[in-house]
Structures are given as C-alpha cells and as structure tokens.
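J.: Quick one: structure below, then a few questions.
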Amino acid sequence: MTFCLGINVEEGLVGIADTRITSGNEIITARKVTAYQNGFGAFFVMTSGLRSVRDKMITYFEERMDTMETSPDKLYKMVNLLAEELRRVAEEDKDYLCNAGLNFNLHTLVGGQLKGDSDHKLYLIYPEGNWVEIGQGTPYHIIGEGGYGKPVLDRTLKHSDTLHFALKVGCLAFDSTRISASDVNFPIDVVLYSRHSHEIVEQRYEAGDLADISQWWQNLLRQGVNDLPSEWIENIAAKLKRVRRRMGKENTD
C-alpha cells in the first residue's frame with residue numbers, strides 16, 4: 001500500500017509521499033513523487049498503485065513533454081496530457097494485467113501552478129483518466145492508505161491554514177498511518193509549493209528525523225486522554241465500583 005497526501009491551502013501546496021513498495025515478500029524503497037519546474041511553472045506528480053503502470057505513464061509523459069514545441073500554460077491542460085498517457089498505458093496493458101489477477105488501479109495527485117494559472121491547483125486523476133480538482137471545502141486528498149491519517153486532517157486542517165501548519169498536520173497524518181499500516185513507512189519525501197513562486201522545494205526525511213515528533217505526539221495523546229473530562233462516566237464507574245466491592249466481599253466469605 002501507499003501513503004501519498006496532497007494538501008491545498010491559501011499559501012500553497014504540501015505533498016507527502018512514503019517510499020515503501022511491497023511486492024510479494026519483497027520490500028524496496030522508491031520515490032513516489034516527481035517534481036517538474038522550468039520556465040513554464042512548477043508542479044509535482046504523486047501516484048498510488050501498480051509501480052509498472054506508474055513508471056510507464058511517467059516515461060510516456062516525460063517523452064511527450066520533451067517533444068512539445070510549446071508547454072501548456074495551465075495546470076489542468078498538463079493534467080489532461082498526463083491522463084492521456086495513463087489511458088494509453090491502459091490500452092496497452094490493462095487486459096494483460098487483469099488476466100494476471102492484477103488491478104489497473106493507478107491514482108495520481110498533481111499539484112502546482114503554471115504561468116497561465118491565477119492560483120495554485122491540486123488535482124486527482126482516477127485510473128480511468130478522468131479527474132477532479134481538490135477544492136477549499138476539503139483541502140486535501142490521500143491516495144493509498146487513507147483511513148488512519150484522515151481523522152487528524154478532518155479535525156484540524158482548514159484551507160486558511162499556513163503552509164507550516166499544513167506540513168505539521170500532514171506529518172502527523174503520515175505518522176498515524178505508519179503506526180497502524182505495516183506497508184507504509186519511512187523515508188518520506190516532502191514537496192512544498194509557495195503560492196506564485198513557480199518553484200518547488202523538496203526534502204527527504206528518515207525515521208530518525210521525525211522520531212522526537214512522533215514520541216511527542218504519542219505522549220500528548222495519552223496525556224489528553226488522562227485529562228479528558230470524566231463526569232460523563234461517573235454512573236458506569238459507580239456500577240463498576242459496586243461490582244468490585246461485591247466481588248471482594250464474596251472472596252472474603
């Protein structure tokens with residue numbers, strides 16, 4: 001499984017991708033996010049699904065970009081090109097994969113800003129090649145293992161938050177997933193895009209880099225449970241106390 005998270009806030013974009021790939025009994029480390037930037041703007045691509053489909057789609061896409069005389073001026077046009085290459089791979093490989101019992105299940109997140117865009121954008125491309133834009137209402141999307149990190153994001157993240165806040169929340173969402181999902185782990189690749197900068201910043205984090213944060217978060221959660229108001233459990237606690245008192249009395253008889 002995979003954990004790839006894209007966040008869209010007013011200040012820009014955050015992308016977080018784990019690097020663990022599991023194939024049968026084999027575990028390898030490989031990048032799942034690719035950044036592109038030059039005179040046309042900047043954007044990143046993150047994928048979850050069959051690695052062979054991802055690599056072929058990216059190869060076709062990059063070859064197409066190299067041969068284009070003019071680059072798209074808006075990100076949705078770049079997304080359309082990527083979707084076309086995904087459909088091309090589906091035409092070539094989908095039947096063979098399905099016959100082998102493998103799902104053609106590639107999901108793709110694309111975020112960035114090109115010269116013609118008035119603001120930064122974040123898109124999700126489905127395996128069929130159709131896409132949606134990730135908007136302000138729910139300013140993030142996870143592809144891959146999304147269940148464990150989603151509660152942290154839903155409870156805290158807003159589109160008006162800063163990039164720093166979004167990165168912190170995103171790392172906590174990853175940490176929650178890493179704790180519960182054995183096939184998601186370090187190292188993680190982080191990409192940041194600041195609004196109107198047309199430049200992507202990249203950083204890889206190993207387990208040791210975020211160990212203190214993970215332990216701090218775990219301790220804070222445990223302390224929060226201890227500090228939780230307990231008036232609402234007094235009735236059942238009183239019943240439990242009576243049961244224990246009766247058991248003690250029976251043991252002394």
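Following the order of the structure tokens, first chain is A, next is B, and so on, with residues numbered from 1 inside each chain and ligands from 1 in the order they appear.
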Would you pick out the contacts of segment 125-128 of chain A at 6 Å or less, using only C-alpha atoms, so that residues sharing its chain but fewer than 4 positions from it are not included, and give the list as an MDAnalysis selection string?
T.: chainID A and resid 105:108
J.: Would you put the residues from that selection into a file with C-alpha atoms, as a short mmCIF file (atom, residue, chain, number, x, y, z; two decimals), in the first residue's frame?
T.:
data_model
loop_
_atom_site.label_atom_id
_atom_site.label_comp_id
_atom_site.auth_asym_id
_atom_site.auth_seq_id
_atom_site.Cartn_x
_atom_site.Cartn_y
_atom_site.Cartn_z
CA ASN A 105 -5.58 0.90 -10.05
CA LEU A 106 -3.27 3.89 -10.52
CA HIS A 107 -4.44 7.06 -8.74
CA THR A 108 -2.48 10.27 -9.31
#
J.: Taking the backbone alone, and naming residues the way the document does, which bits of segment 50-238 of chain A are strand (DSSP E or B) by DSSP, as a PDB file with C-alpha atoms, in the first residue's frame?
T.:
ATOM      1  CA  HIS A 107      -4.438   7.062  -8.745  1.00  0.00           C
ATOM      2  CA  THR A 108      -2.483  10.268  -9.312  1.00  0.00           C
ATOM      3  CA  LEU A 109      -2.244  13.601  -7.492  1.00  0.00           C
ATOM      4  CA  VAL A 110      -0.984  16.599  -9.457  1.00  0.00           C
ATOM      5  CA  GLY A 111      -0.341  19.923  -7.761  1.00  0.00           C
ATOM      6  CA  GLY A 112       1.323  23.149  -8.798  1.00  0.00           C
ATOM      7  CA  GLN A 113       0.924  26.345 -10.807  1.00  0.00           C
ATOM      8  CA  LEU A 114       1.757  27.173 -14.403  1.00  0.00           C
ATOM      9  CA  LYS A 121      -4.154  23.952  -8.093  1.00  0.00           C
ATOM     10  CA  LEU A 122      -4.407  20.363  -6.871  1.00  0.00           C
ATOM     11  CA  TYR A 123      -5.990  17.599  -8.975  1.00  0.00           C
ATOM     12  CA  LEU A 124      -6.799  13.917  -8.530  1.00  0.00           C
ATOM     13  CA  ILE A 125      -6.688  11.689 -11.624  1.00  0.00           C
ATOM     14  CA  TRP A 131     -10.074  13.943 -12.876  1.00  0.00           C
ATOM     15  CA  VAL A 132     -11.405  16.258 -10.159  1.00  0.00           C
ATOM     16  CA  GLU A 133      -9.984  19.374  -8.550  1.00  0.00           C
ATOM     17  CA  TYR A 140      -6.615  17.599   0.943  1.00  0.00           C
ATOM     18  CA  HIS A 141      -6.701  14.144  -0.564  1.00  0.00           C
ATOM     19  CA  ILE A 142      -4.934  10.906   0.308  1.00  0.00           C
ATOM     20  CA  ILE A 143      -4.279   8.191  -2.244  1.00  0.00           C
ATOM     21  CA  GLY A 144      -3.374   4.766  -0.954  1.00  0.00           C
ATOM     22  CA  ILE A 188       9.144  10.088   3.261  1.00  0.00           C
ATOM     23  CA  ASP A 189       9.515  12.664   0.518  1.00  0.00           C
ATOM     24  CA  VAL A 190       8.048  16.120   1.127  1.00  0.00           C
ATOM     25  CA  VAL A 191       7.402  18.760  -1.534  1.00  0.00           C
ATOM     26  CA  LEU A 192       6.286  22.313  -0.810  1.00  0.00           C
ATOM     27  CA  TYR A 193       4.973  24.900  -3.233  1.00  0.00           C
ATOM     28  CA  SER A 194       4.595  28.527  -2.150  1.00  0.00           C
ATOM     29  CA  ILE A 200       9.026  23.503  -5.669  1.00  0.00           C
ATOM     30  CA  VAL A 201      11.118  22.761  -2.582  1.00  0.00           C
ATOM     31  CA  GLU A 202      11.921  19.098  -1.844  1.00  0.00           C
ATOM     32  CA  GLN A 203      13.149  17.286   1.269  1.00  0.00           C
ATOM     33  CA  ARG A 204      13.501  13.629   2.306  1.00  0.00           C
ATOM     34  CA  TYR A 205      13.016  12.643   5.957  1.00  0.00           C
TER      35      TYR A 205
END
J.: Name the residues in contact with Asp18 of chain A at a cut-off of 10 Å, using only C-alpha atoms, excluding same-chain residues fewer than 3 positions from it; report them as a PyMOL selection string.
T.: chain A and resi 1-5+21+29-33+174+178+183-190+204-205
J.: Take the residues from that selection and write them out as a short mmCIF file (atom, residue, chain, number, x, y, z; two decimals), in the first residue's frame, keeping N, CA and C atoms.
T.:
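Contents of out_24.cif, freshly written:
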data_model
loop_
_atom_site.label_atom_id
_atom_site.label_comp_id
_atom_site.auth_asym_id
_atom_site.auth_seq_id
_atom_site.Cartn_x
_atom_site.Cartn_y
_atom_site.Cartn_z
N MET A 1 0.86 -1.19 0.00
CA MET A 1 0.00 0.00 0.00
C MET A 1 0.89 1.24 0.00
N THR A 2 0.27 2.38 -0.13
CA THR A 2 0.98 3.65 -0.29
C THR A 2 0.31 4.71 0.58
N PHE A 3 1.09 5.70 1.00
CA PHE A 3 0.52 6.90 1.60
C PHE A 3 1.05 8.09 0.82
N CYS A 4 0.18 8.72 0.04
CA CYS A 4 0.50 9.95 -0.67
C CYS A 4 -0.57 10.98 -0.32
N LEU A 5 -0.14 12.11 0.20
CA LEU A 5 -1.06 13.14 0.68
C LEU A 5 -0.77 14.45 -0.05
N ILE A 21 7.62 0.15 -1.07
CA ILE A 21 6.92 -0.61 -2.09
C ILE A 21 7.01 -2.08 -1.74
N THR A 29 12.58 0.46 -1.57
CA THR A 29 12.35 1.89 -1.38
C THR A 29 12.46 2.59 -2.73
N ALA A 30 11.46 3.39 -3.07
CA ALA A 30 11.47 4.12 -4.34
C ALA A 30 10.61 5.37 -4.21
N ARG A 31 10.98 6.39 -4.95
CA ARG A 31 10.22 7.65 -4.93
C ARG A 31 8.84 7.46 -5.56
N LYS A 32 7.86 8.12 -4.96
CA LYS A 32 6.51 8.10 -5.50
C LYS A 32 6.04 9.50 -5.89
N VAL A 33 6.92 10.48 -5.74
CA VAL A 33 6.60 11.85 -6.12
C VAL A 33 7.71 12.37 -7.04
N PHE A 174 0.67 11.15 8.40
CA PHE A 174 1.56 10.06 7.98
C PHE A 174 1.95 9.19 9.17
N ARG A 178 1.58 5.27 9.55
CA ARG A 178 2.76 4.41 9.72
C ARG A 178 2.61 3.48 10.92
N ASP A 183 2.61 -1.63 5.76
CA ASP A 183 3.21 -1.43 4.44
C ASP A 183 3.38 0.04 4.09
N VAL A 184 3.36 0.92 5.09
CA VAL A 184 3.66 2.35 4.92
C VAL A 184 4.76 2.71 5.90
N ASN A 185 5.85 3.31 5.41
CA ASN A 185 6.96 3.58 6.33
C ASN A 185 7.92 4.61 5.73
N PHE A 186 8.89 4.99 6.56
CA PHE A 186 9.96 5.89 6.14
C PHE A 186 10.86 5.19 5.13
N PRO A 187 11.66 6.03 4.42
CA PRO A 187 11.68 7.50 4.43
C PRO A 187 10.48 8.09 3.71
N ILE A 188 10.20 9.38 3.97
CA ILE A 188 9.14 10.09 3.26
C ILE A 188 9.75 11.24 2.47
N ASP A 189 9.13 11.52 1.34
CA ASP A 189 9.51 12.66 0.52
C ASP A 189 8.47 13.76 0.67
N VAL A 190 8.93 14.96 0.94
CA VAL A 190 8.05 16.12 1.13
C VAL A 190 8.33 17.14 0.04
N ARG A 204 13.76 15.00 1.86
CA ARG A 204 13.50 13.63 2.31
C ARG A 204 13.77 13.53 3.81
N TYR A 205 12.87 12.84 4.53
CA TYR A 205 13.02 12.64 5.96
C TYR A 205 13.12 11.15 6.28
#
J.: Among segment 5-136 of chain A, which ones does DSSP assign to helix (DSSP H, G or I) (computed from the backbone)? Answer as a ChimeraX atom specification.
T.: /A:51-67,75-99
J.: Extract, using only C-alpha atoms, all DNA, RNA and protein residues at most 10 Å from segment 82-89 of chain A, discarding same-chain residues fewer than 3 positions from it, and format them as JSON, numbers by chain.
T.: {"A": [45, 52, 53, 54, 56, 57, 58, 59, 60, 61, 62, 64, 65, 76, 77, 78, 79, 92, 93, 94, 104, 106, 107, 108, 110, 125, 126, 127, 128, 129, 130, 131]}
J.: So that I have them on file, write out the residues from the current selection with N, CA and C atoms, as a compact mmCIF listing (two decimals), in the first residue's frame.
T.:
# COMPACT_ATOMS: atom_id res chain seq x y z
N VAL A 45 3.92 15.37 -9.25
CA VAL A 45 3.05 14.24 -9.54
C VAL A 45 3.32 13.16 -8.51
N SER A 52 4.55 -0.60 -12.09
CA SER A 52 4.82 -0.72 -13.52
C SER A 52 3.97 0.23 -14.33
N VAL A 53 2.71 0.44 -13.92
CA VAL A 53 1.83 1.37 -14.61
C VAL A 53 2.33 2.79 -14.40
N ARG A 54 2.73 3.10 -13.18
CA ARG A 54 3.24 4.43 -12.87
C ARG A 54 4.47 4.76 -13.70
N LYS A 56 5.57 3.50 -16.51
CA LYS A 56 5.30 3.60 -17.94
C LYS A 56 4.59 4.91 -18.26
N MET A 57 3.62 5.28 -17.44
CA MET A 57 2.90 6.53 -17.65
C MET A 57 3.84 7.72 -17.56
N ILE A 58 4.71 7.75 -16.54
CA ILE A 58 5.65 8.86 -16.36
C ILE A 58 6.64 8.92 -17.52
N THR A 59 7.10 7.77 -17.98
CA THR A 59 8.03 7.74 -19.11
C THR A 59 7.40 8.32 -20.36
N TYR A 60 6.18 7.89 -20.68
CA TYR A 60 5.47 8.42 -21.84
C TYR A 60 5.22 9.92 -21.69
N PHE A 61 4.85 10.34 -20.49
CA PHE A 61 4.55 11.75 -20.23
C PHE A 61 5.78 12.62 -20.40
N GLU A 62 6.90 12.19 -19.85
CA GLU A 62 8.12 12.98 -19.96
C GLU A 62 8.63 13.02 -21.39
N ARG A 64 6.76 12.93 -23.99
CA ARG A 64 5.86 13.85 -24.70
C ARG A 64 6.22 15.29 -24.40
N MET A 65 6.53 15.59 -23.14
CA MET A 65 6.92 16.96 -22.79
C MET A 65 8.20 17.37 -23.51
N TYR A 76 -4.42 22.40 -15.57
CA TYR A 76 -5.41 21.41 -15.98
C TYR A 76 -5.08 20.83 -17.35
N LYS A 77 -4.43 21.63 -18.21
CA LYS A 77 -4.03 21.12 -19.52
C LYS A 77 -2.90 20.10 -19.37
N MET A 78 -2.01 20.33 -18.42
CA MET A 78 -0.96 19.36 -18.15
C MET A 78 -1.57 18.08 -17.59
N VAL A 79 -2.58 18.23 -16.74
CA VAL A 79 -3.29 17.07 -16.19
C VAL A 79 -3.94 16.26 -17.32
N GLU A 92 -2.68 -0.49 -23.60
CA GLU A 92 -1.60 -1.43 -23.87
C GLU A 92 -1.55 -2.57 -22.85
N ASP A 93 -1.82 -2.27 -21.58
CA ASP A 93 -1.50 -3.23 -20.52
C ASP A 93 -2.68 -3.72 -19.68
N LYS A 94 -3.81 -3.00 -19.69
CA LYS A 94 -4.87 -3.31 -18.73
C LYS A 94 -5.37 -4.74 -18.85
N PHE A 104 -5.83 -2.61 -12.47
CA PHE A 104 -5.29 -1.38 -13.06
C PHE A 104 -5.81 -0.23 -12.18
N LEU A 106 -4.13 2.74 -10.77
CA LEU A 106 -3.27 3.89 -10.52
C LEU A 106 -4.10 5.15 -10.25
N HIS A 107 -3.88 5.75 -9.08
CA HIS A 107 -4.44 7.06 -8.74
C HIS A 107 -3.30 8.07 -8.69
N THR A 108 -3.56 9.28 -9.16
CA THR A 108 -2.48 10.27 -9.31
C THR A 108 -2.92 11.61 -8.75
N VAL A 110 -1.80 15.61 -8.75
CA VAL A 110 -0.98 16.60 -9.46
C VAL A 110 -1.24 17.96 -8.83
N ILE A 125 -6.37 12.42 -10.40
CA ILE A 125 -6.69 11.69 -11.62
C ILE A 125 -7.03 10.24 -11.25
N TYR A 126 -8.18 9.78 -11.69
CA TYR A 126 -8.61 8.41 -11.42
C TYR A 126 -7.98 7.45 -12.44
N PRO A 127 -8.02 6.14 -12.16
CA PRO A 127 -7.42 5.17 -13.10
C PRO A 127 -8.01 5.23 -14.50
N GLU A 128 -9.25 5.71 -14.62
CA GLU A 128 -9.89 5.79 -15.93
C GLU A 128 -9.43 7.01 -16.73
N GLY A 129 -8.71 7.93 -16.08
CA GLY A 129 -8.21 9.11 -16.77
C GLY A 129 -9.04 10.36 -16.53
N ASN A 130 -10.20 10.22 -15.91
CA ASN A 130 -10.98 11.41 -15.55
C ASN A 130 -10.40 12.01 -14.27
N TRP A 131 -10.69 13.28 -14.01
CA TRP A 131 -10.07 13.94 -12.88
C TRP A 131 -11.02 14.91 -12.18
